[in-house]
>>> print(open('entry.cif').read())   # mmCIF, C-alpha atoms
data_my_file
loop_
_atom_site.label_atom_id
_atom_site.label_comp_id
_atom_site.auth_asym_id
_atom_site.auth_seq_id
_atom_site.Cartn_x
_atom_site.Cartn_y
_atom_site.Cartn_z
CA MET V 1 0.88 116.69 -25.59
CA SER V 2 4.15 116.04 -23.78
CA GLU V 3 4.20 115.68 -20.02
CA THR V 4 5.16 118.84 -18.15
CA LYS V 5 8.49 118.38 -16.39
CA SER V 6 9.39 119.82 -13.00
CA ASP V 7 12.33 121.94 -11.86
CA LEU V 8 13.86 118.74 -10.51
CA ASP V 9 13.70 117.09 -13.93
CA TRP V 10 15.31 120.03 -15.69
CA MET V 11 18.03 120.36 -13.07
CA GLN V 12 18.85 116.70 -13.63
CA CYS V 13 19.41 117.63 -17.27
CA ALA V 14 21.77 120.42 -16.20
CA LEU V 15 23.65 118.00 -13.94
CA ALA V 16 24.04 115.64 -16.89
CA GLN V 17 25.55 118.50 -18.88
CA ALA V 18 28.02 119.20 -16.08
CA GLU V 19 28.99 115.53 -16.01
CA THR V 20 30.23 115.81 -19.61
CA ALA V 21 32.82 118.39 -18.51
CA ILE V 22 34.32 116.81 -15.38
CA TYR V 23 37.52 115.59 -17.06
CA ARG V 24 38.38 118.73 -19.03
CA THR V 25 37.64 121.91 -17.06
CA ARG V 26 40.21 121.72 -14.25
CA PRO V 27 40.95 123.86 -12.31
CA ASN V 28 37.58 125.43 -13.10
CA PRO V 29 34.49 123.67 -11.73
CA ALA V 30 32.41 121.53 -14.09
CA VAL V 31 29.10 123.36 -14.56
CA GLY V 32 26.04 122.53 -16.62
CA CYS V 33 23.22 124.75 -17.85
CA VAL V 34 19.98 124.16 -19.71
CA ILE V 35 17.52 126.81 -20.82
CA VAL V 36 13.87 125.78 -20.94
CA LYS V 37 10.84 127.38 -22.56
CA ASN V 38 7.40 125.92 -23.18
CA ASN V 39 8.49 122.64 -21.59
CA GLN V 40 11.37 122.20 -24.04
CA ILE V 41 15.14 122.65 -23.79
CA ILE V 42 16.11 125.43 -26.17
CA GLY V 43 19.73 125.73 -25.09
CA ARG V 44 22.30 123.67 -23.26
CA GLY V 45 25.95 123.94 -22.34
CA ALA V 46 28.82 122.79 -20.15
CA THR V 47 31.98 124.55 -19.03
CA ALA V 48 34.72 124.63 -21.65
CA PRO V 49 38.40 124.02 -20.83
CA VAL V 50 40.21 126.84 -19.00
CA GLY V 51 39.98 130.14 -20.86
CA GLY V 52 36.87 129.08 -22.76
CA PRO V 53 33.23 130.03 -22.21
CA HIS V 54 31.19 128.98 -19.19
CA ALA V 55 28.14 126.74 -19.46
CA GLU V 56 25.65 129.62 -19.56
CA VAL V 57 27.35 131.15 -22.61
CA PHE V 58 26.92 128.00 -24.68
CA ALA V 59 23.31 127.58 -23.56
CA LEU V 60 22.40 131.20 -24.33
CA LYS V 61 24.04 131.03 -27.74
CA GLU V 62 22.02 127.96 -28.67
CA ALA V 63 18.80 129.48 -27.35
CA GLY V 64 19.28 132.77 -29.19
CA GLU V 65 16.29 135.12 -29.14
CA GLN V 66 14.10 132.39 -27.67
CA ALA V 67 15.90 132.88 -24.34
CA ARG V 68 13.75 135.91 -23.55
CA GLY V 69 11.21 134.89 -20.92
CA ALA V 70 12.75 131.41 -20.48
CA THR V 71 14.05 129.63 -17.37
CA ALA V 72 17.74 128.77 -16.93
CA TYR V 73 18.84 125.83 -14.79
CA VAL V 74 22.46 126.12 -13.63
CA THR V 75 24.40 123.73 -11.39
CA LEU V 76 26.59 126.49 -9.88
CA GLU V 77 25.79 130.12 -9.13
CA PRO V 78 26.47 132.21 -12.26
CA CYS V 79 29.72 134.16 -11.99
CA ALA V 80 29.56 137.87 -11.24
CA HIS V 81 33.07 139.06 -12.13
CA TYR V 82 35.19 139.68 -15.19
CA GLY V 83 37.92 137.04 -15.42
CA ARG V 84 38.95 135.17 -18.53
CA THR V 85 35.29 135.49 -19.55
CA PRO V 86 32.56 138.11 -18.88
CA PRO V 87 30.17 137.57 -15.95
CA CYS V 88 27.51 134.96 -16.74
CA ALA V 89 24.96 136.59 -14.42
CA LYS V 90 24.99 139.68 -16.62
CA GLY V 91 24.69 137.52 -19.72
CA LEU V 92 21.52 135.94 -18.37
CA VAL V 93 20.09 139.37 -17.62
CA ASP V 94 20.94 140.75 -21.04
CA ALA V 95 19.36 137.72 -22.73
CA GLY V 96 16.04 138.43 -21.00
CA ILE V 97 15.93 135.24 -18.92
CA ALA V 98 12.90 135.44 -16.63
CA ARG V 99 13.79 132.81 -14.05
CA VAL V 100 16.99 131.10 -12.86
CA VAL V 101 17.14 127.88 -10.82
CA ILE V 102 20.52 127.28 -9.15
CA ALA V 103 21.83 124.11 -7.51
CA CYS V 104 24.97 125.27 -5.62
CA SER V 105 26.09 128.63 -4.33
CA ASP V 106 29.64 129.55 -5.34
CA PRO V 107 31.95 129.98 -2.30
CA ASN V 108 34.40 132.07 -4.36
CA PRO V 109 34.43 135.54 -2.71
CA LEU V 110 34.32 137.08 -6.19
CA VAL V 111 30.99 135.37 -6.80
CA ALA V 112 29.37 134.26 -3.52
CA GLY V 113 25.89 135.77 -3.49
CA LYS V 114 26.85 138.45 -6.01
CA GLY V 115 25.70 136.48 -9.02
CA VAL V 116 22.32 135.91 -7.40
CA GLN V 117 22.08 139.58 -6.47
CA ILE V 118 22.71 140.70 -10.05
CA LEU V 119 19.86 138.46 -11.18
CA LYS V 120 17.48 139.64 -8.47
CA ASP V 121 18.31 143.32 -9.06
CA ALA V 122 17.24 142.79 -12.67
CA GLY V 123 13.89 141.42 -11.54
CA ILE V 124 14.68 137.80 -12.32
CA ASP V 125 13.00 135.18 -10.15
CA VAL V 126 15.77 133.09 -8.50
CA VAL V 127 15.39 129.64 -6.89
CA GLN V 128 18.39 128.27 -4.98
CA GLY V 129 19.35 124.84 -3.62
CA MET V 130 17.69 122.59 -6.22
CA CYS V 131 19.70 119.30 -6.25
CA GLU V 132 22.39 121.02 -4.24
CA ALA V 133 23.92 117.83 -2.82
CA GLU V 134 24.21 116.21 -6.24
CA ALA V 135 25.82 119.29 -7.73
CA ALA V 136 28.27 119.54 -4.83
CA VAL V 137 29.47 115.98 -5.49
CA GLN V 138 30.52 116.99 -9.01
CA ASN V 139 32.81 119.70 -7.65
CA LYS V 140 33.90 118.51 -4.21
CA GLY V 141 37.47 119.67 -4.67
CA PHE V 142 36.63 123.14 -5.97
CA LEU V 143 34.09 123.78 -3.23
CA LYS V 144 36.43 122.61 -0.45
CA ALA V 145 39.50 124.39 -1.81
CA ILE V 146 37.76 127.74 -2.19
CA ALA V 147 36.24 127.45 1.28
CA THR V 148 39.32 126.15 3.16
CA GLY V 149 42.44 126.64 1.03
CA ALA V 150 43.10 122.87 0.99
CA PRO V 151 42.18 120.20 -1.58
CA TYR V 152 39.73 117.33 -1.33
CA VAL V 153 41.85 114.22 -0.71
CA ARG V 154 40.90 110.74 -1.82
CA LEU V 155 43.02 107.82 -0.65
CA LYS V 156 42.94 104.83 -2.98
CA ILE V 157 43.89 101.35 -1.75
CA ALA V 158 43.74 97.96 -3.46
CA SER V 159 43.99 95.00 -1.12
CA SER V 160 43.28 91.32 -0.61
CA LEU V 161 40.65 89.96 1.74
CA ASP V 162 43.31 89.73 4.43
CA GLY V 163 44.25 93.40 4.05
CA ARG V 164 47.47 92.92 2.06
CA THR V 165 48.60 95.19 -0.75
CA ALA V 166 51.76 93.47 -2.04
CA MET V 167 53.91 90.43 -1.56
CA ALA V 168 56.90 90.65 0.79
CA SER V 169 59.12 91.29 -2.26
CA GLY V 170 57.03 94.32 -3.20
CA GLU V 171 55.31 92.58 -6.11
CA SER V 172 51.78 93.93 -6.40
CA GLN V 173 50.72 93.54 -10.04
CA TRP V 174 47.94 92.60 -9.99
CA ILE V 175 45.79 92.10 -6.92
CA THR V 176 42.63 93.46 -8.49
CA GLY V 177 41.21 92.72 -11.92
CA ALA V 178 41.21 94.74 -15.13
CA GLU V 179 37.79 96.31 -14.46
CA ALA V 180 38.91 97.70 -11.10
CA ARG V 181 42.11 99.09 -12.61
CA LEU V 182 40.07 100.80 -15.31
CA ASP V 183 37.79 102.22 -12.61
CA VAL V 184 40.83 103.81 -10.91
CA GLN V 185 41.47 105.80 -14.09
CA HIS V 186 38.32 107.81 -13.37
CA TRP V 187 39.63 108.94 -9.98
CA ARG V 188 42.91 109.99 -11.55
CA ALA V 189 41.10 111.87 -14.29
CA ILE V 190 39.10 114.01 -11.87
CA SER V 191 42.20 114.79 -9.79
CA GLY V 192 44.55 117.71 -10.15
CA ALA V 193 47.35 115.63 -8.67
CA VAL V 194 48.20 112.03 -7.79
CA ILE V 195 50.51 111.77 -4.79
CA THR V 196 52.80 108.80 -4.25
CA GLY V 197 55.98 107.92 -2.40
CA ILE V 198 59.39 107.17 -3.86
CA GLU V 199 59.24 103.56 -2.68
CA THR V 200 56.18 102.96 -4.88
CA VAL V 201 57.94 104.49 -7.88
CA LEU V 202 61.08 102.42 -7.30
CA ALA V 203 59.07 99.20 -6.85
CA ASP V 204 56.59 99.59 -9.73
CA ASP V 205 58.05 102.27 -12.04
CA CYS V 206 54.45 103.51 -12.14
CA GLN V 207 53.19 106.28 -14.41
CA LEU V 208 50.04 107.23 -12.45
CA ASN V 209 48.56 109.03 -15.44
CA VAL V 210 45.28 108.49 -17.27
CA ARG V 211 45.68 105.96 -20.08
CA GLN V 212 42.10 104.82 -20.67
CA LEU V 213 38.65 106.13 -19.72
CA LYS V 214 35.20 104.72 -20.23
CA GLY V 215 33.34 106.81 -22.77
CA VAL V 216 36.36 108.95 -23.70
CA ALA V 217 37.95 108.15 -27.05
CA ASP V 218 40.34 111.10 -27.20
CA LEU V 219 42.48 111.38 -24.08
CA ASN V 220 43.92 114.64 -25.40
CA SER V 221 40.60 116.23 -24.41
CA ILE V 222 41.22 115.64 -20.71
CA VAL V 223 43.52 117.41 -18.27
CA GLN V 224 46.16 114.95 -17.05
CA PRO V 225 46.89 115.08 -13.30
CA LYS V 226 50.25 116.16 -11.94
CA ARG V 227 52.25 113.25 -10.49
CA VAL V 228 53.65 114.32 -7.12
CA VAL V 229 56.48 112.14 -5.79
CA LEU V 230 57.58 112.45 -2.18
CA ASP V 231 61.33 111.84 -2.45
CA ARG V 232 63.05 113.24 0.61
CA GLN V 233 66.42 111.67 -0.25
CA GLY V 234 66.48 112.50 -3.97
CA ARG V 235 66.31 108.94 -5.26
CA LEU V 236 63.97 109.35 -8.25
CA PRO V 237 65.83 107.80 -11.21
CA LEU V 238 66.00 109.81 -14.41
CA THR V 239 64.91 106.63 -16.21
CA ALA V 240 61.53 106.58 -14.40
CA LYS V 241 58.65 106.12 -16.85
CA MET V 242 56.75 109.10 -15.47
CA LEU V 243 59.61 111.39 -16.54
CA ALA V 244 58.62 110.78 -20.15
CA GLN V 245 56.21 113.69 -19.50
CA PRO V 246 58.33 115.71 -17.03
CA GLU V 247 56.12 118.80 -17.23
CA THR V 248 53.40 116.90 -15.35
CA VAL V 249 55.74 115.69 -12.59
CA MET V 250 56.31 117.41 -9.24
CA VAL V 251 58.93 116.17 -6.78
CA MET V 252 59.11 117.07 -3.10
CA GLY V 253 62.72 116.63 -2.05
CA PRO V 254 66.18 118.16 -2.30
CA PHE V 255 66.78 120.32 -5.37
CA ARG V 256 68.27 118.43 -8.32
CA GLN V 257 69.52 120.35 -11.34
CA GLU V 258 68.95 117.38 -13.64
CA LEU V 259 65.24 117.43 -12.78
CA ALA V 260 65.09 121.19 -13.27
CA ASP V 261 66.64 120.75 -16.72
CA LEU V 262 63.82 118.36 -17.61
CA GLY V 263 61.15 120.86 -16.51
CA VAL V 264 60.07 118.98 -13.39
CA ILE V 265 58.50 121.21 -10.71
CA GLN V 266 60.46 120.80 -7.49
CA LEU V 267 58.98 121.45 -4.06
CA GLU V 268 60.84 121.89 -0.82
CA VAL V 269 60.37 119.23 1.84
CA GLN V 270 57.35 120.15 3.98
CA PRO V 271 54.74 118.47 6.19
CA LEU V 272 51.89 116.75 4.36
CA LYS V 273 49.32 119.28 5.55
CA THR V 274 51.48 122.14 4.28
CA LEU V 275 52.10 120.32 1.00
CA LEU V 276 48.38 120.00 0.37
CA ARG V 277 47.84 123.71 0.94
CA THR V 278 50.81 124.49 -1.33
CA LEU V 279 49.27 122.43 -4.12
CA THR V 280 45.98 124.29 -3.79
CA GLN V 281 47.17 127.83 -3.21
CA GLN V 282 50.14 127.91 -5.56
CA TYR V 283 49.13 125.43 -8.26
CA GLN V 284 45.31 125.49 -8.24
CA ILE V 285 45.09 121.77 -7.47
CA TYR V 286 41.74 121.15 -5.82
CA ASP V 287 41.41 117.33 -5.94
CA VAL V 288 44.19 115.00 -4.82
CA LEU V 289 44.35 111.23 -5.20
CA VAL V 290 46.83 109.37 -2.98
CA GLU V 291 48.12 106.13 -4.52
CA ALA V 292 50.93 104.97 -2.27
CA GLY V 293 52.28 102.27 -0.03
CA ALA V 294 51.37 101.58 3.58
CA THR V 295 53.70 104.17 5.14
CA LEU V 296 52.40 107.18 3.23
CA SER V 297 48.79 105.99 3.26
CA THR V 298 49.00 105.53 7.02
CA ALA V 299 50.42 109.03 7.42
CA PHE V 300 47.47 110.57 5.55
CA LEU V 301 45.01 108.64 7.68
CA GLN V 302 46.67 109.29 11.04
CA GLU V 303 47.02 113.00 10.30
CA ASN V 304 43.32 113.15 9.33
CA LEU V 305 44.15 114.42 5.85
CA ALA V 306 42.02 111.99 3.84
CA ASP V 307 38.47 113.16 3.12
CA GLU V 308 37.51 109.91 1.47
CA MET V 309 38.93 106.41 1.07
CA ILE V 310 38.35 104.35 -2.05
CA SER V 311 39.16 100.74 -1.21
CA TYR V 312 39.19 98.00 -3.83
CA VAL V 313 39.02 94.56 -2.24
CA ALA V 314 39.93 91.49 -4.27
CA PRO V 315 38.55 88.04 -3.39
CA THR V 316 41.94 86.57 -2.58
CA PHE V 317 44.30 85.91 0.33
CA LEU V 318 47.97 86.86 0.09
CA GLY V 319 49.16 85.48 3.41
CA ARG V 320 50.84 86.69 6.56
CA SER V 321 54.19 87.59 4.99
CA ALA V 322 52.60 89.91 2.41
CA ARG V 323 52.68 93.65 3.04
CA ALA V 324 49.85 95.14 5.07
CA MET V 325 47.73 98.03 3.80
CA PHE V 326 48.20 99.94 7.07
CA ASN V 327 51.31 99.91 9.25
CA ALA V 328 50.38 101.86 12.39
CA GLU V 329 50.53 100.04 15.70
CA PHE V 330 47.66 100.56 18.13
CA ASP V 331 47.57 99.25 21.68
CA ARG V 332 44.02 100.23 22.60
CA MET V 333 40.66 100.04 20.85
CA ALA V 334 40.26 103.76 21.49
CA GLU V 335 43.09 104.42 19.02
CA GLN V 336 41.35 102.78 16.08
CA LEU V 337 40.45 104.77 12.97
CA ARG V 338 36.80 104.24 12.05
CA PHE V 339 35.06 104.96 8.77
CA LYS V 340 31.52 105.33 7.52
CA LEU V 341 30.62 103.25 4.48
CA ILE V 342 29.09 105.44 1.77
CA ASP V 343 28.60 102.75 -0.84
CA ALA V 344 29.80 99.34 -1.98
CA VAL V 345 29.87 98.43 -5.66
CA GLN V 346 31.01 95.30 -7.44
CA VAL V 347 33.56 96.18 -10.12
CA GLY V 348 34.31 93.13 -12.19
CA GLY V 349 35.33 90.43 -9.73
CA ASP V 350 36.27 92.92 -7.02
CA VAL V 351 34.38 95.20 -4.64
CA ARG V 352 34.88 98.95 -4.39
CA LEU V 353 34.15 100.46 -1.00
CA LYS V 354 33.79 104.21 -0.66
CA LEU V 355 34.28 105.42 2.91
CA ILE V 356 34.67 108.66 4.83
CA PRO V 357 36.27 109.13 8.25
CA SER V 358 33.87 108.67 11.15
CA GLN V 359 33.96 110.17 14.61
CA GLU V 360 31.85 107.33 15.99
CA THR V 361 33.29 105.06 18.65
CA LEU V 362 32.28 101.60 19.72
#
>>> encode(input="entry.cif", output="structure tokens")
Amino acid sequence: MSETKSDLDWMQCALAQAETAIYRTRPNPAVGCVIVKNNQIIGRGATAPVGGPHAEVFALKEAGEQARGATAYVTLEPCAHYGRTPPCAKGLVDAGIARVVIACSDPNPLVAGKGVQILKDAGIDVVQGMCEAEAAVQNKGFLKAIATGAPYVRLKIASSLDGRTAMASGESQWITGAEARLDVQHWRAISGAVITGIETVLADDCQLNVRQLKGVADLNSIVQPKRVVLDRQGRLPLTAKMLAQPETVMVMGPFRQELADLGVIQLEVQPLKTLLRTLTQQYQIYDVLVEAGATLSTAFLQENLADEMISYVAPTFLGRSARAMFNAEFDRMAEQLRFKLIDAVQVGGDVRLKLIPSQETL
């Protein structure tokens, strides 16, 4: 006889389902669902790309008639409204599900609490908050954007041991190794947009798209991020590599007809904080990755716009004349920007530090 698993075990299975969808559902959240009966999974599903079914629909279809009297484990509160798809809460009721275990509540006003209420009104036993923190990590951008109207911002930096990001000439390829560069592809793939400055584009002719992902053979199955170039003086060359896919490029700067003819989205010059809200509220971009030089990176940090910093540190020294990763000038210790270390992982020959801003002072 197989060992009886707990709600925690089954929710971990639902979280694993959600993980399979994180690269392809944007701007929808990645949600997982498993349906369990007699200590066995009888149905499982993950959110389809935009316009397709939600996780619960796939799980219920696989479970069929066996769903009656079963328990559903869902990583996000089932939707309660008619959008591109019918409400999942009603689908669970109609299928005869007896119990629903939910990880995260949905902050969307169209759903918040309403999905749970539909279930409870139908006499379904509802448990909330199981593995809530883990589920929230999978959809940080969606949860923040719906709650605040602004995206979740990750700032990525690759530097030497002495805090340098490029040689004095601007040469920066490569400070970190191949494994670290592959790791960066993940952060791009979960982002709705990658923001950079024109100086970075002019120096590196970077593409900033997703070109390789661990465990993903077909890159056509993922949603590529928009590339947002801050170009206040209109210097982006029409020969830039990223313009090979102009429909995924956004430029903040003076209007240029030649960019419009290519299909590039052009944004008026605006403060960074306003730009972030524009990306969320007008373009449904909920996760932003900043890959830029010292000036723009410093601006995001000093304006308290970065929710998280992902810092790759290579075991090398580049010297005093190399470009610094941060170019603000502080006169007093009280001005310093402090961070809390969330984790440190060796990636190939480099170390990846994940940090969040800290209010602590020495």
>>> resolve_selection(input="entry.cif", expression="the PyMOL selection byres ((chain V and resi 358) around 6)", output="list in words")
Arg338, Phe339, Lys340, Pro357, Gln359 and Glu360 of chain V
>>> closest_residue(input="entry.cif", among="V:Ala135, V:Ala292, V:Ala147, V:Val210", to="V:Ile198", atoms="all atoms listed in the file")
V:Ala292
>>> closest_residue(input="entry.cif", among="V:Leu353, V:Ala103, V:Ile146, V:Ile222", to="V:Thr20", atoms="all atoms listed in the file")
V:Ile222
>>> atom_distance(input="entry.cif", atom1="atom CA of V:Ala98", atom2="atom CA of V:Asp125")
6.5 Å
>>> residues_near_point(input="entry.cif", point="(47.2, 87.8, 2.6)", cutoff="9 Å", atoms="all atoms listed in the file", output="tab-separated table (two decimals) with C-alpha atoms, keeping the file's coordinate frame")
chain	number	residue	atom	x	y	z
V	159	SER	CA	43.99	95.00	-1.12
V	160	SER	CA	43.28	91.32	-0.61
V	161	LEU	CA	40.65	89.96	1.74
V	162	ASP	CA	43.31	89.73	4.43
V	163	GLY	CA	44.25	93.40	4.05
V	164	ARG	CA	47.47	92.92	2.06
V	165	THR	CA	48.60	95.19	-0.75
V	166	ALA	CA	51.76	93.47	-2.04
V	167	MET	CA	53.91	90.43	-1.56
V	316	THR	CA	41.94	86.57	-2.58
V	317	PHE	CA	44.30	85.91	0.33
V	318	LEU	CA	47.97	86.86	0.09
V	319	GLY	CA	49.16	85.48	3.41
V	320	ARG	CA	50.84	86.69	6.56
V	321	SER	CA	54.19	87.59	4.99
V	322	ALA	CA	52.60	89.91	2.41
V	323	ARG	CA	52.68	93.65	3.04
V	324	ALA	CA	49.85	95.14	5.07
>>> residues_around(input="entry.cif", residues="V:Ala344", least_positions_apart="4", cutoff="7 Å", atoms="only C-alpha atoms", output="PyMOL selection string")
chain V and resi 351-354
>>> residues_around(input="entry.cif", residues="V:Val249", least_positions_apart="4", cutoff="12 Å", atoms="all atoms listed in the file", output="NGL selection string")
:V and (192-196 or 207-209 or 224-230 or 236 or 238 or 240-245 or 259-260 or 262-267)
